[in-house]
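Content type compact mmCIF, C-alpha atoms and all ligand atoms, from the file final.txt:
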# COMPACT_ATOMS: atom_id res chain seq x y z
CA MET A 1 -6.43 -2.71 12.64
CA LEU A 2 -6.03 0.83 11.26
CA LEU A 3 -6.09 3.24 14.17
CA SER A 4 -7.64 6.14 12.31
CA PRO A 5 -9.70 6.61 9.17
CA THR A 6 -8.42 8.54 6.20
CA PRO A 7 -9.25 12.24 6.71
CA ALA A 8 -12.24 13.59 4.75
CA ALA A 9 -9.95 16.30 3.36
CA TRP A 10 -7.82 13.65 1.66
CA PHE A 11 -10.89 12.27 -0.15
CA ALA A 12 -11.91 15.79 -1.15
CA ALA A 13 -8.43 16.38 -2.62
CA ALA A 14 -8.57 13.04 -4.43
CA GLY A 15 -11.41 14.28 -6.62
CA GLU A 16 -9.45 17.35 -7.56
CA HIS A 17 -6.10 15.61 -8.04
CA TRP A 18 -7.36 12.43 -9.68
CA GLN A 19 -4.62 12.45 -12.31
CA GLU A 20 -1.81 12.61 -9.75
CA LEU A 21 -3.63 10.00 -7.70
CA LEU A 22 -3.73 7.64 -10.65
CA LEU A 23 -0.09 8.27 -11.58
CA ASP A 24 1.08 7.66 -8.02
CA HIS A 25 -1.19 4.65 -7.76
CA ALA A 26 0.57 3.06 -10.75
CA ASN A 27 3.86 3.50 -8.89
CA CYS A 28 2.38 1.96 -5.71
CA GLU A 29 1.31 -1.17 -7.60
CA LYS A 30 4.81 -1.59 -9.04
CA LYS A 31 6.27 -1.04 -5.60
CA ALA A 32 3.90 -3.60 -4.05
CA ALA A 33 5.09 -6.21 -6.57
CA SER A 34 8.71 -5.33 -5.96
CA THR A 35 8.30 -5.53 -2.15
CA ALA A 36 6.84 -9.02 -2.49
CA LEU A 37 9.75 -10.08 -4.73
CA ALA A 38 12.28 -8.66 -2.27
CA LEU A 39 10.73 -10.76 0.51
CA MET A 40 10.95 -13.85 -1.72
CA PHE A 41 14.68 -13.21 -2.17
CA SER A 42 15.32 -12.43 1.50
CA TYR A 43 13.55 -15.54 2.78
CA ALA A 44 14.16 -17.88 -0.16
CA GLU A 45 14.30 -20.97 2.05
CA ASP A 46 10.59 -20.51 2.85
CA THR A 47 9.03 -22.01 -0.27
CA SER A 48 5.48 -21.60 1.00
CA LEU A 49 6.04 -17.87 1.48
CA ALA A 50 7.63 -17.70 -1.99
CA LEU A 51 4.61 -19.24 -3.68
CA ARG A 52 2.08 -17.07 -1.90
CA LEU A 53 4.04 -13.89 -2.51
CA SER A 54 4.67 -14.84 -6.12
CA ARG A 55 0.92 -14.94 -6.67
CA LEU A 56 0.55 -11.65 -4.85
CA ALA A 57 3.28 -10.02 -6.96
CA ARG A 58 1.57 -11.16 -10.17
CA GLU A 59 -1.69 -9.67 -8.97
CA GLU A 60 0.02 -6.36 -8.18
CA LEU A 61 1.52 -6.27 -11.67
CA ARG A 62 -1.91 -6.89 -13.16
CA HIS A 63 -3.20 -3.96 -11.09
CA PHE A 64 -0.35 -1.87 -12.49
CA GLU A 65 -1.39 -2.83 -16.03
CA GLN A 66 -5.04 -1.92 -15.28
CA VAL A 67 -4.03 1.51 -13.97
CA GLN A 68 -1.66 2.07 -16.87
CA LYS A 69 -4.41 1.21 -19.36
CA LEU A 70 -6.77 3.74 -17.74
CA LEU A 71 -4.09 6.42 -17.72
CA ARG A 72 -3.74 5.93 -21.47
CA GLU A 73 -7.49 5.83 -22.12
CA LEU A 74 -8.10 8.94 -20.04
CA GLY A 75 -5.25 10.76 -21.75
CA VAL A 76 -3.24 11.42 -18.58
CA PRO A 77 0.29 12.37 -19.64
CA HIS A 78 3.13 10.48 -18.00
CA GLN A 79 4.78 12.36 -15.18
CA ARG A 80 7.51 11.25 -12.83
CA LEU A 81 6.29 11.75 -9.25
CA SER A 82 8.29 11.73 -6.06
CA PRO A 83 7.04 9.16 -3.55
CA SER A 84 5.10 10.17 -0.45
CA ARG A 85 6.68 10.05 3.01
CA TYR A 86 4.49 7.05 3.90
CA ALA A 87 6.51 3.98 2.88
CA GLU A 88 9.79 5.51 4.02
CA GLY A 89 8.23 6.44 7.37
CA LEU A 90 7.03 2.88 7.86
CA ARG A 91 10.36 1.44 6.82
CA ARG A 92 11.94 3.30 9.72
CA CYS A 93 9.94 1.08 12.10
CA VAL A 94 11.59 -2.07 10.76
CA ARG A 95 14.17 -3.47 13.15
CA SER A 96 17.47 -4.51 11.61
CA ARG A 97 18.02 -7.86 13.34
CA GLU A 98 16.39 -11.14 12.49
CA PRO A 99 13.98 -12.67 13.30
CA GLU A 100 12.38 -9.34 14.30
CA ARG A 101 13.11 -7.78 10.92
CA ARG A 102 11.00 -10.31 9.06
CA LEU A 103 8.08 -9.82 11.44
CA ASP A 104 8.22 -6.05 10.99
CA LEU A 105 8.46 -6.25 7.19
CA LEU A 106 5.39 -8.49 7.03
CA LEU A 107 3.42 -6.27 9.42
CA VAL A 108 4.32 -3.14 7.48
CA GLY A 109 3.12 -4.96 4.35
CA ALA A 110 -0.16 -5.79 6.09
CA LEU A 111 -0.74 -2.18 7.17
CA ILE A 112 0.01 -0.75 3.71
CA GLU A 113 -2.45 -3.18 2.12
CA MET A 114 -5.11 -2.37 4.72
CA ARG A 115 -4.73 1.38 4.22
CA SER A 116 -4.90 0.94 0.45
CA CYS A 117 -8.06 -1.12 0.85
CA GLU A 118 -9.63 1.53 3.11
CA ARG A 119 -8.82 4.33 0.65
CA PHE A 120 -10.13 2.38 -2.36
CA ALA A 121 -13.39 1.72 -0.49
CA GLY A 122 -13.76 5.43 0.27
CA LEU A 123 -12.96 6.42 -3.33
CA VAL A 124 -15.65 4.21 -4.90
CA PRO A 125 -18.68 6.43 -4.12
CA ARG A 126 -16.76 9.59 -5.03
CA PHE A 127 -15.96 8.66 -8.62
CA ASP A 128 -17.85 7.85 -11.80
CA GLU A 129 -16.88 5.14 -14.22
CA PRO A 130 -14.33 3.99 -15.18
CA LEU A 131 -12.51 4.85 -11.94
CA ARG A 132 -15.34 3.64 -9.75
CA SER A 133 -15.05 0.06 -11.06
CA LEU A 134 -11.27 0.13 -10.84
CA TYR A 135 -11.31 1.12 -7.16
CA ASP A 136 -14.13 -1.25 -6.36
CA GLY A 137 -12.27 -4.19 -7.87
CA LEU A 138 -8.98 -3.37 -6.18
CA ARG A 139 -10.39 -2.96 -2.72
CA ALA A 140 -11.19 -6.68 -2.45
CA SER A 141 -7.71 -7.72 -3.62
CA GLU A 142 -5.97 -5.42 -1.17
CA ALA A 143 -8.11 -6.75 1.69
CA ARG A 144 -6.94 -10.26 0.79
CA HIS A 145 -3.33 -9.13 0.58
CA GLY A 146 -3.59 -7.53 4.01
CA GLU A 147 -4.88 -10.80 5.42
CA LEU A 148 -2.09 -12.77 3.77
CA TYR A 149 0.66 -10.54 5.17
CA LEU A 150 -0.94 -10.76 8.58
CA GLN A 151 -1.11 -14.56 8.46
CA LEU A 152 2.53 -14.76 7.36
CA ALA A 153 3.52 -12.42 10.20
CA GLU A 154 1.63 -14.42 12.82
CA ALA A 155 3.06 -17.72 11.58
CA HIS A 156 6.59 -16.29 11.63
CA ALA A 157 6.17 -14.85 15.13
CA SER A 158 4.99 -18.11 16.61
CA ARG A 159 7.63 -20.18 14.77
CA SER A 160 10.58 -17.97 15.61
CA GLY A 161 9.42 -16.85 19.05
CA CYS A 162 10.23 -13.23 18.17
CA GLY A 163 7.34 -11.79 20.16
CA ASP A 164 3.66 -11.20 19.86
CA ALA A 165 2.61 -10.22 16.33
CA ALA A 166 -0.54 -8.42 17.51
CA GLN A 167 1.39 -6.32 19.98
CA ARG A 168 3.98 -5.32 17.40
CA LEU A 169 1.25 -4.59 14.85
CA ALA A 170 -0.41 -2.24 17.33
CA ALA A 171 2.88 -0.38 17.81
CA ILE A 172 3.54 0.05 14.08
CA ALA A 173 -0.12 1.00 13.54
CA VAL A 174 0.48 4.11 15.67
CA VAL A 175 3.16 5.29 13.24
CA GLU A 176 1.00 4.32 10.25
CA SER A 177 -1.92 6.29 11.55
CA GLU A 178 0.23 9.38 12.07
CA LEU A 179 1.67 9.15 8.54
CA ALA A 180 -1.80 8.72 7.01
CA THR A 181 -3.41 11.63 8.86
CA ALA A 182 -0.80 14.26 9.84
CA PRO A 183 -0.65 17.43 7.69
CA ASP A 184 1.13 16.69 4.42
CA PRO A 185 2.02 19.23 1.73
CA LEU A 186 2.37 16.52 -0.95
CA PHE A 187 -0.77 14.83 -2.31
CA ARG A 188 -0.24 11.14 -3.02
CA PHE A 189 -2.12 7.86 -2.71
CA HIS A 190 -0.83 7.35 0.83
CA SER A 191 -0.40 10.98 1.90
CA GLY A 192 -1.81 12.56 5.06
CA THR A 193 -4.18 15.50 5.52
CA PRO A 194 -3.64 17.85 2.58
CA VAL A 195 -2.22 21.27 3.43
CA SER A 196 -0.96 23.84 0.97
CA PRO A 197 2.81 23.77 0.67
CA ALA A 198 4.56 26.54 2.60
CA HIS A 199 5.12 29.71 0.55
FE FE B 201 -2.56 -3.82 -5.78
FE FE B 202 -1.88 -5.37 -2.69
In structure tokens, what does this structure look like?
Ligand SMILES: [Fe+2]
Ligand SMILES: [Fe+2]
Amino acid sequence: MLLSPTPAAWFAAAGEHWQELLLDHANCEKKAASTALALMFSYAEDTSLALRLSRLAREELRHFEQVQKLLRELGVPHQRLSPSRYAEGLRRCVRSREPERRLDLLLVGALIEMRSCERFAGLVPRFDEPLRSLYDGLRASEARHGELYLQLAEAHASRSGCGDAAQRLAAIAVVESELATAPDPLFRFHSGTPVSPAH
């Protein structure tokens, strides 16, 4: 599904910037819960979607609590971080009219979960405890979340007749791949290939 793997340079930077990674990760978990809630409000008539996303949102908040607990235990001071370009870049792919909008939102959700899963998997062998167990545990959840978003997208596409979900996924995956690998001066959980900021 993902068109390109996370660059090795990103993983190398993750070891060095583990505190920023963890701080940004806490934000990503909160954002994942809030995205699921926003979908529940936008498509409130779909009670099956609401239940499944409610469970997902609770899981994301538990992830947030896990990360927050580790930040405290590891003595990482709180710091407000600006978000990476990733989510905003993907949001630009979302069409404004329904029923296409809903398809795009669900597919963007699927891609974000899949990239998170891929990065967690790559982080596991690069860290010692307690981060290793954290990333190992999260990778399975994010794989499930990716599957759920994909299923919801496919069901919506066939019900509404708004086009082929796989084809649209492939198109958005091109943008996702660019965002996750192109040179990026800001190091974040979903940033691209690290480059030093311009002087
Ligand atoms: Fe999560
Ligand atoms: Fe997730």
Handout entry: 10 Å contact set for Glu59 of chain A, all atoms listed in the file, chain neighbours under 6 positions out, as a VMD selection string
Key = chain A and resid 29 32 to 33 53 65 141 to 142 145
Those same residues, written as a PDB file, keeping the file's coordinate frame with C-alpha atoms?
ATOM      1  CA  GLU A  29       1.310  -1.170  -7.600  1.00  0.00           C
ATOM      2  CA  ALA A  32       3.900  -3.600  -4.050  1.00  0.00           C
ATOM      3  CA  ALA A  33       5.090  -6.210  -6.570  1.00  0.00           C
ATOM      4  CA  LEU A  53       4.040 -13.890  -2.510  1.00  0.00           C
ATOM      5  CA  GLU A  65      -1.390  -2.830 -16.030  1.00  0.00           C
ATOM      6  CA  SER A 141      -7.710  -7.720  -3.620  1.00  0.00           C
ATOM      7  CA  GLU A 142      -5.970  -5.420  -1.170  1.00  0.00           C
ATOM      8  CA  HIS A 145      -3.330  -9.130   0.580  1.00  0.00           C
TER       9      HIS A 145
END
Find the nearest atom pair between each residue of chain A and ligand FE 201 (chain B) for residues within 12 Å, count only C-alpha atoms and all ligand atoms, give distances in Å to one decimal, sort rows by chain and ascending number, and present the table as JSON lines.
{"residue": "A:His25", "atom": "CA", "partner": "B:FE201", "partner_atom": "FE", "distance": 8.8}
{"residue": "A:Ala26", "atom": "CA", "partner": "B:FE201", "partner_atom": "FE", "distance": 9.0}
{"residue": "A:Asn27", "atom": "CA", "partner": "B:FE201", "partner_atom": "FE", "distance": 10.2}
{"residue": "A:Cys28", "atom": "CA", "partner": "B:FE201", "partner_atom": "FE", "distance": 7.6}
{"residue": "A:Glu29", "atom": "CA", "partner": "B:FE201", "partner_atom": "FE", "distance": 5.0}
{"residue": "A:Lys30", "atom": "CA", "partner": "B:FE201", "partner_atom": "FE", "distance": 8.4}
{"residue": "A:Lys31", "atom": "CA", "partner": "B:FE201", "partner_atom": "FE", "distance": 9.3}
{"residue": "A:Ala32", "atom": "CA", "partner": "B:FE201", "partner_atom": "FE", "distance": 6.7}
{"residue": "A:Ala33", "atom": "CA", "partner": "B:FE201", "partner_atom": "FE", "distance": 8.1}
{"residue": "A:Ser34", "atom": "CA", "partner": "B:FE201", "partner_atom": "FE", "distance": 11.4}
{"residue": "A:Thr35", "atom": "CA", "partner": "B:FE201", "partner_atom": "FE", "distance": 11.6}
{"residue": "A:Ala36", "atom": "CA", "partner": "B:FE201", "partner_atom": "FE", "distance": 11.2}
{"residue": "A:Arg55", "atom": "CA", "partner": "B:FE201", "partner_atom": "FE", "distance": 11.7}
{"residue": "A:Leu56", "atom": "CA", "partner": "B:FE201", "partner_atom": "FE", "distance": 8.5}
{"residue": "A:Ala57", "atom": "CA", "partner": "B:FE201", "partner_atom": "FE", "distance": 8.6}
{"residue": "A:Arg58", "atom": "CA", "partner": "B:FE201", "partner_atom": "FE", "distance": 9.5}
{"residue": "A:Glu59", "atom": "CA", "partner": "B:FE201", "partner_atom": "FE", "distance": 6.7}
{"residue": "A:Glu60", "atom": "CA", "partner": "B:FE201", "partner_atom": "FE", "distance": 4.3}
{"residue": "A:Leu61", "atom": "CA", "partner": "B:FE201", "partner_atom": "FE", "distance": 7.6}
{"residue": "A:Arg62", "atom": "CA", "partner": "B:FE201", "partner_atom": "FE", "distance": 8.0}
{"residue": "A:His63", "atom": "CA", "partner": "B:FE201", "partner_atom": "FE", "distance": 5.4}
{"residue": "A:Phe64", "atom": "CA", "partner": "B:FE201", "partner_atom": "FE", "distance": 7.3}
{"residue": "A:Glu65", "atom": "CA", "partner": "B:FE201", "partner_atom": "FE", "distance": 10.4}
{"residue": "A:Gln66", "atom": "CA", "partner": "B:FE201", "partner_atom": "FE", "distance": 10.0}
{"residue": "A:Val67", "atom": "CA", "partner": "B:FE201", "partner_atom": "FE", "distance": 9.9}
{"residue": "A:Gly109", "atom": "CA", "partner": "B:FE201", "partner_atom": "FE", "distance": 11.7}
{"residue": "A:Ile112", "atom": "CA", "partner": "B:FE201", "partner_atom": "FE", "distance": 10.3}
{"residue": "A:Glu113", "atom": "CA", "partner": "B:FE201", "partner_atom": "FE", "distance": 7.9}
{"residue": "A:Met114", "atom": "CA", "partner": "B:FE201", "partner_atom": "FE", "distance": 10.9}
{"residue": "A:Arg115", "atom": "CA", "partner": "B:FE201", "partner_atom": "FE", "distance": 11.5}
{"residue": "A:Ser116", "atom": "CA", "partner": "B:FE201", "partner_atom": "FE", "distance": 8.2}
{"residue": "A:Cys117", "atom": "CA", "partner": "B:FE201", "partner_atom": "FE", "distance": 9.0}
{"residue": "A:Phe120", "atom": "CA", "partner": "B:FE201", "partner_atom": "FE", "distance": 10.4}
{"residue": "A:Leu134", "atom": "CA", "partner": "B:FE201", "partner_atom": "FE", "distance": 10.8}
{"residue": "A:Tyr135", "atom": "CA", "partner": "B:FE201", "partner_atom": "FE", "distance": 10.1}
{"residue": "A:Asp136", "atom": "CA", "partner": "B:FE201", "partner_atom": "FE", "distance": 11.9}
{"residue": "A:Gly137", "atom": "CA", "partner": "B:FE201", "partner_atom": "FE", "distance": 9.9}
{"residue": "A:Leu138", "atom": "CA", "partner": "B:FE201", "partner_atom": "FE", "distance": 6.4}
{"residue": "A:Arg139", "atom": "CA", "partner": "B:FE201", "partner_atom": "FE", "distance": 8.5}
{"residue": "A:Ala140", "atom": "CA", "partner": "B:FE201", "partner_atom": "FE", "distance": 9.7}
{"residue": "A:Ser141", "atom": "CA", "partner": "B:FE201", "partner_atom": "FE", "distance": 6.8}
{"residue": "A:Glu142", "atom": "CA", "partner": "B:FE201", "partner_atom": "FE", "distance": 6.0}
{"residue": "A:Ala143", "atom": "CA", "partner": "B:FE201", "partner_atom": "FE", "distance": 9.8}
{"residue": "A:Arg144", "atom": "CA", "partner": "B:FE201", "partner_atom": "FE", "distance": 10.2}
{"residue": "A:His145", "atom": "CA", "partner": "B:FE201", "partner_atom": "FE", "distance": 8.3}
{"residue": "A:Gly146", "atom": "CA", "partner": "B:FE201", "partner_atom": "FE", "distance": 10.5}
Output file for the residues above (C-alpha atoms, as a PDB file, in the frame of the given file):
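result_8.pdb, written as the output of this step:
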ATOM      1  CA  HIS A  25      -1.190   4.650  -7.760  1.00  0.00           C
ATOM      2  CA  ALA A  26       0.570   3.060 -10.750  1.00  0.00           C
ATOM      3  CA  ASN A  27       3.860   3.500  -8.890  1.00  0.00           C
ATOM      4  CA  CYS A  28       2.380   1.960  -5.710  1.00  0.00           C
ATOM      5  CA  GLU A  29       1.310  -1.170  -7.600  1.00  0.00           C
ATOM      6  CA  LYS A  30       4.810  -1.590  -9.040  1.00  0.00           C
ATOM      7  CA  LYS A  31       6.270  -1.040  -5.600  1.00  0.00           C
ATOM      8  CA  ALA A  32       3.900  -3.600  -4.050  1.00  0.00           C
ATOM      9  CA  ALA A  33       5.090  -6.210  -6.570  1.00  0.00           C
ATOM     10  CA  SER A  34       8.710  -5.330  -5.960  1.00  0.00           C
ATOM     11  CA  THR A  35       8.300  -5.530  -2.150  1.00  0.00           C
ATOM     12  CA  ALA A  36       6.840  -9.020  -2.490  1.00  0.00           C
ATOM     13  CA  ARG A  55       0.920 -14.940  -6.670  1.00  0.00           C
ATOM     14  CA  LEU A  56       0.550 -11.650  -4.850  1.00  0.00           C
ATOM     15  CA  ALA A  57       3.280 -10.020  -6.960  1.00  0.00           C
ATOM     16  CA  ARG A  58       1.570 -11.160 -10.170  1.00  0.00           C
ATOM     17  CA  GLU A  59      -1.690  -9.670  -8.970  1.00  0.00           C
ATOM     18  CA  GLU A  60       0.020  -6.360  -8.180  1.00  0.00           C
ATOM     19  CA  LEU A  61       1.520  -6.270 -11.670  1.00  0.00           C
ATOM     20  CA  ARG A  62      -1.910  -6.890 -13.160  1.00  0.00           C
ATOM     21  CA  HIS A  63      -3.200  -3.960 -11.090  1.00  0.00           C
ATOM     22  CA  PHE A  64      -0.350  -1.870 -12.490  1.00  0.00           C
ATOM     23  CA  GLU A  65      -1.390  -2.830 -16.030  1.00  0.00           C
ATOM     24  CA  GLN A  66      -5.040  -1.920 -15.280  1.00  0.00           C
ATOM     25  CA  VAL A  67      -4.030   1.510 -13.970  1.00  0.00           C
ATOM     26  CA  GLY A 109       3.120  -4.960   4.350  1.00  0.00           C
ATOM     27  CA  ILE A 112       0.010  -0.750   3.710  1.00  0.00           C
ATOM     28  CA  GLU A 113      -2.450  -3.180   2.120  1.00  0.00           C
ATOM     29  CA  MET A 114      -5.110  -2.370   4.720  1.00  0.00           C
ATOM     30  CA  ARG A 115      -4.730   1.380   4.220  1.00  0.00           C
ATOM     31  CA  SER A 116      -4.900   0.940   0.450  1.00  0.00           C
ATOM     32  CA  CYS A 117      -8.060  -1.120   0.850  1.00  0.00           C
ATOM     33  CA  PHE A 120     -10.130   2.380  -2.360  1.00  0.00           C
ATOM     34  CA  LEU A 134     -11.270   0.130 -10.840  1.00  0.00           C
ATOM     35  CA  TYR A 135     -11.310   1.120  -7.160  1.00  0.00           C
ATOM     36  CA  ASP A 136     -14.130  -1.250  -6.360  1.00  0.00           C
ATOM     37  CA  GLY A 137     -12.270  -4.190  -7.870  1.00  0.00           C
ATOM     38  CA  LEU A 138      -8.980  -3.370  -6.180  1.00  0.00           C
ATOM     39  CA  ARG A 139     -10.390  -2.960  -2.720  1.00  0.00           C
ATOM     40  CA  ALA A 140     -11.190  -6.680  -2.450  1.00  0.00           C
ATOM     41  CA  SER A 141      -7.710  -7.720  -3.620  1.00  0.00           C
ATOM     42  CA  GLU A 142      -5.970  -5.420  -1.170  1.00  0.00           C
ATOM     43  CA  ALA A 143      -8.110  -6.750   1.690  1.00  0.00           C
ATOM     44  CA  ARG A 144      -6.940 -10.260   0.790  1.00  0.00           C
ATOM     45  CA  HIS A 145      -3.330  -9.130   0.580  1.00  0.00           C
ATOM     46  CA  GLY A 146      -3.590  -7.530   4.010  1.00  0.00           C
TER      47      GLY A 146
END
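Proximity of A:Ala121, A:Leu106, A:Leu148, A:Pro130 to Leu169 of chain A, computed with only C-alpha atoms, is greatest for A:Leu106.
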Exercise for the section: Tell me which of A:Tyr149, A:Leu123, A:Leu90, A:Leu71 sits closest to ligand FE 202 (chain B), counting only C-alpha atoms and all ligand atoms. Expected result: A:Tyr149
Let me have the centre and edge lengths in Å, one decimal, of the box along x, y and z around every listed atom of segment 42-54 of chain A with 8 Å of margin on each side, as AutoDock Vina command-line options.
--center_x 8.7 --center_y -17.2 --center_z -1.6 --size_x 29.2 --size_y 25.6 --size_z 25.0
Problem - Nearest to ligand FE 202 (chain B) by atom-to-atom distance, counting only C-alpha atoms and all ligand atoms, from A:Ala50, A:Leu131, A:Ala110, A:Leu186 - result: A:Ala110
Exercise for the section: Identify which of the residues A:Glu147, A:Met40, A:Lys69, A:His156 lies closest to ligand FE 202 (chain B), counting only C-alpha atoms and all ligand atoms when measuring atom-to-atom distances. Expected result: A:Glu147
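Take the candidates A:Leu111, A:Leu51, A:Val76, A:Leu105 and check each one against Ala180 of chain A using only C-alpha atoms; the shortest distance goes to A:Leu111.
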Exercise for the section: Enter the distance from atom CA of Pro183 of chain A to atom CA of Pro77 of chain A, in Å, rounded to one decimal. Expected result: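 Answer for the atom CA of Pro183 of chain A to atom CA of Pro77 of chain A separation: 27.8 Å.
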Handout entry: Among the residues A:Glu118, A:Asp128, A:Glu98, A:Ser196, the one that comes closest to ligand FE 202 (chain B) [using all atoms listed in the file]
Key =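 The answer is A:Glu118, which sits nearest to ligand FE 202 (chain B).
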Fill in the blank from the handout: atom CA of Pro5 of chain A sits from atom CA of Arg119 of chain A at a separation of 8.9 Å
Practice task
Figure out the distance between atom CA of Ala12 of chain A and atom CA of Arg126 of chain A, please, to one decimal in Å.
Solution key: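 If I compute the distance from atom CA of Arg126 of chain A to atom CA of Ala12 of chain A, I get 8.8 Å.
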Problem - Contacts of Leu179 of chain A at 8 Å (all atoms listed in the file; same-chain gap of 3+ positions) as a list in words - result: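 Near neighbours after the sequence-gap exclusion: Arg85, Tyr86, Gly89, Val175, Glu176, Ala182, Ser191 and Gly192 of chain A.
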Could you write out that same residue set with C-alpha atoms as an mmCIF file, in the frame of the given file?
data_model
loop_
_atom_site.group_PDB
_atom_site.id
_atom_site.type_symbol
_atom_site.label_atom_id
_atom_site.label_comp_id
_atom_site.auth_asym_id
_atom_site.auth_seq_id
_atom_site.Cartn_x
_atom_site.Cartn_y
_atom_site.Cartn_z
ATOM 1 C CA ARG A 85 6.680 10.050 3.010
ATOM 2 C CA TYR A 86 4.490 7.050 3.900
ATOM 3 C CA GLY A 89 8.230 6.440 7.370
ATOM 4 C CA VAL A 175 3.160 5.290 13.240
ATOM 5 C CA GLU A 176 1.000 4.320 10.250
ATOM 6 C CA ALA A 182 -0.800 14.260 9.840
ATOM 7 C CA SER A 191 -0.400 10.980 1.900
ATOM 8 C CA GLY A 192 -1.810 12.560 5.060
#
Exercise for the section: Quick one: everything within 9 Å of Ala165 of chain A, counting all atoms listed in the file, minus sequence neighbours fewer than 4 positions away in the same chain. Send it as a PyMOL selection string. Expected result: chain A and resi 103-104+107+150+153-158+169-170
Practice task
Could you give me, as a VMD selection string, the residues that sit within 7 Å of (-4.5, 0.2, 12.3) in the file's coordinates, counting all atoms listed in the file?
Solution key: chain A and resid 1 to 4 111 170 173 177
Practice task
Would you be able to write out as a ChimeraX atom specification which residues have an atom within 10 Å of (-11.5, 12.1, -8.6) in the file's coordinates, counting all atoms listed in the file?
Solution key: /A:11-22,123-124,126-128,131-132
Using the incomplete input, complete segment 99-117 of chain A to the level of N, CA and C atoms; output as an mmCIF file, in the frame of the given file.
data_model
loop_
_atom_site.group_PDB
_atom_site.id
_atom_site.type_symbol
_atom_site.label_atom_id
_atom_site.label_comp_id
_atom_site.auth_asym_id
_atom_site.auth_seq_id
_atom_site.Cartn_x
_atom_site.Cartn_y
_atom_site.Cartn_z
ATOM 1 N N PRO A 99 15.165 -12.488 14.144
ATOM 2 C CA PRO A 99 13.980 -12.670 13.300
ATOM 3 C C PRO A 99 12.974 -11.522 13.375
ATOM 4 N N GLU A 100 13.326 -10.454 14.139
ATOM 5 C CA GLU A 100 12.380 -9.340 14.300
ATOM 6 C C GLU A 100 12.142 -8.603 12.979
ATOM 7 N N ARG A 101 13.217 -8.515 12.180
ATOM 8 C CA ARG A 101 13.110 -7.780 10.920
ATOM 9 C C ARG A 101 11.995 -8.359 10.018
ATOM 10 N N ARG A 102 11.992 -9.669 9.924
ATOM 11 C CA ARG A 102 11.000 -10.310 9.060
ATOM 12 C C ARG A 102 9.578 -10.052 9.560
ATOM 13 N N LEU A 103 9.400 -10.109 10.874
ATOM 14 C CA LEU A 103 8.080 -9.820 11.440
ATOM 15 C C LEU A 103 7.649 -8.404 11.067
ATOM 16 N N ASP A 104 8.558 -7.455 11.252
ATOM 17 C CA ASP A 104 8.220 -6.050 10.990
ATOM 18 C C ASP A 104 7.904 -5.821 9.505
ATOM 19 N N LEU A 105 8.700 -6.433 8.629
ATOM 20 C CA LEU A 105 8.460 -6.250 7.190
ATOM 21 C C LEU A 105 7.068 -6.765 6.805
ATOM 22 N N LEU A 106 6.702 -7.911 7.354
ATOM 23 C CA LEU A 106 5.390 -8.490 7.030
ATOM 24 C C LEU A 106 4.261 -7.637 7.605
ATOM 25 N N LEU A 107 4.462 -7.108 8.803
ATOM 26 C CA LEU A 107 3.420 -6.270 9.420
ATOM 27 C C LEU A 107 3.273 -4.940 8.689
ATOM 28 N N VAL A 108 4.384 -4.378 8.257
ATOM 29 C CA VAL A 108 4.320 -3.140 7.480
ATOM 30 C C VAL A 108 3.555 -3.419 6.178
ATOM 31 N N GLY A 109 3.847 -4.558 5.572
ATOM 32 C CA GLY A 109 3.120 -4.960 4.350
ATOM 33 C C GLY A 109 1.626 -5.042 4.625
ATOM 34 N N ALA A 110 1.256 -5.638 5.734
ATOM 35 C CA ALA A 110 -0.160 -5.790 6.090
ATOM 36 C C ALA A 110 -0.821 -4.415 6.241
ATOM 37 N N LEU A 111 -0.152 -3.512 6.925
ATOM 38 C CA LEU A 111 -0.740 -2.180 7.170
ATOM 39 C C LEU A 111 -0.898 -1.387 5.870
ATOM 40 N N ILE A 112 0.098 -1.475 4.988
ATOM 41 C CA ILE A 112 0.010 -0.750 3.710
ATOM 42 C C ILE A 112 -1.182 -1.277 2.900
ATOM 43 N N GLU A 113 -1.333 -2.594 2.872
ATOM 44 C CA GLU A 113 -2.450 -3.180 2.120
ATOM 45 C C GLU A 113 -3.791 -2.767 2.731
ATOM 46 N N MET A 114 -3.851 -2.747 4.065
ATOM 47 C CA MET A 114 -5.110 -2.370 4.720
ATOM 48 C C MET A 114 -5.463 -0.917 4.461
ATOM 49 N N ARG A 115 -4.457 -0.039 4.495
ATOM 50 C CA ARG A 115 -4.730 1.380 4.220
ATOM 51 C C ARG A 115 -5.165 1.553 2.762
ATOM 52 N N SER A 116 -4.518 0.825 1.864
ATOM 53 C CA SER A 116 -4.900 0.940 0.450
ATOM 54 C C SER A 116 -6.348 0.501 0.290
ATOM 55 N N CYS A 117 -6.702 -0.596 0.930
ATOM 56 C CA CYS A 117 -8.060 -1.120 0.850
ATOM 57 C C CYS A 117 -9.050 -0.074 1.382
#
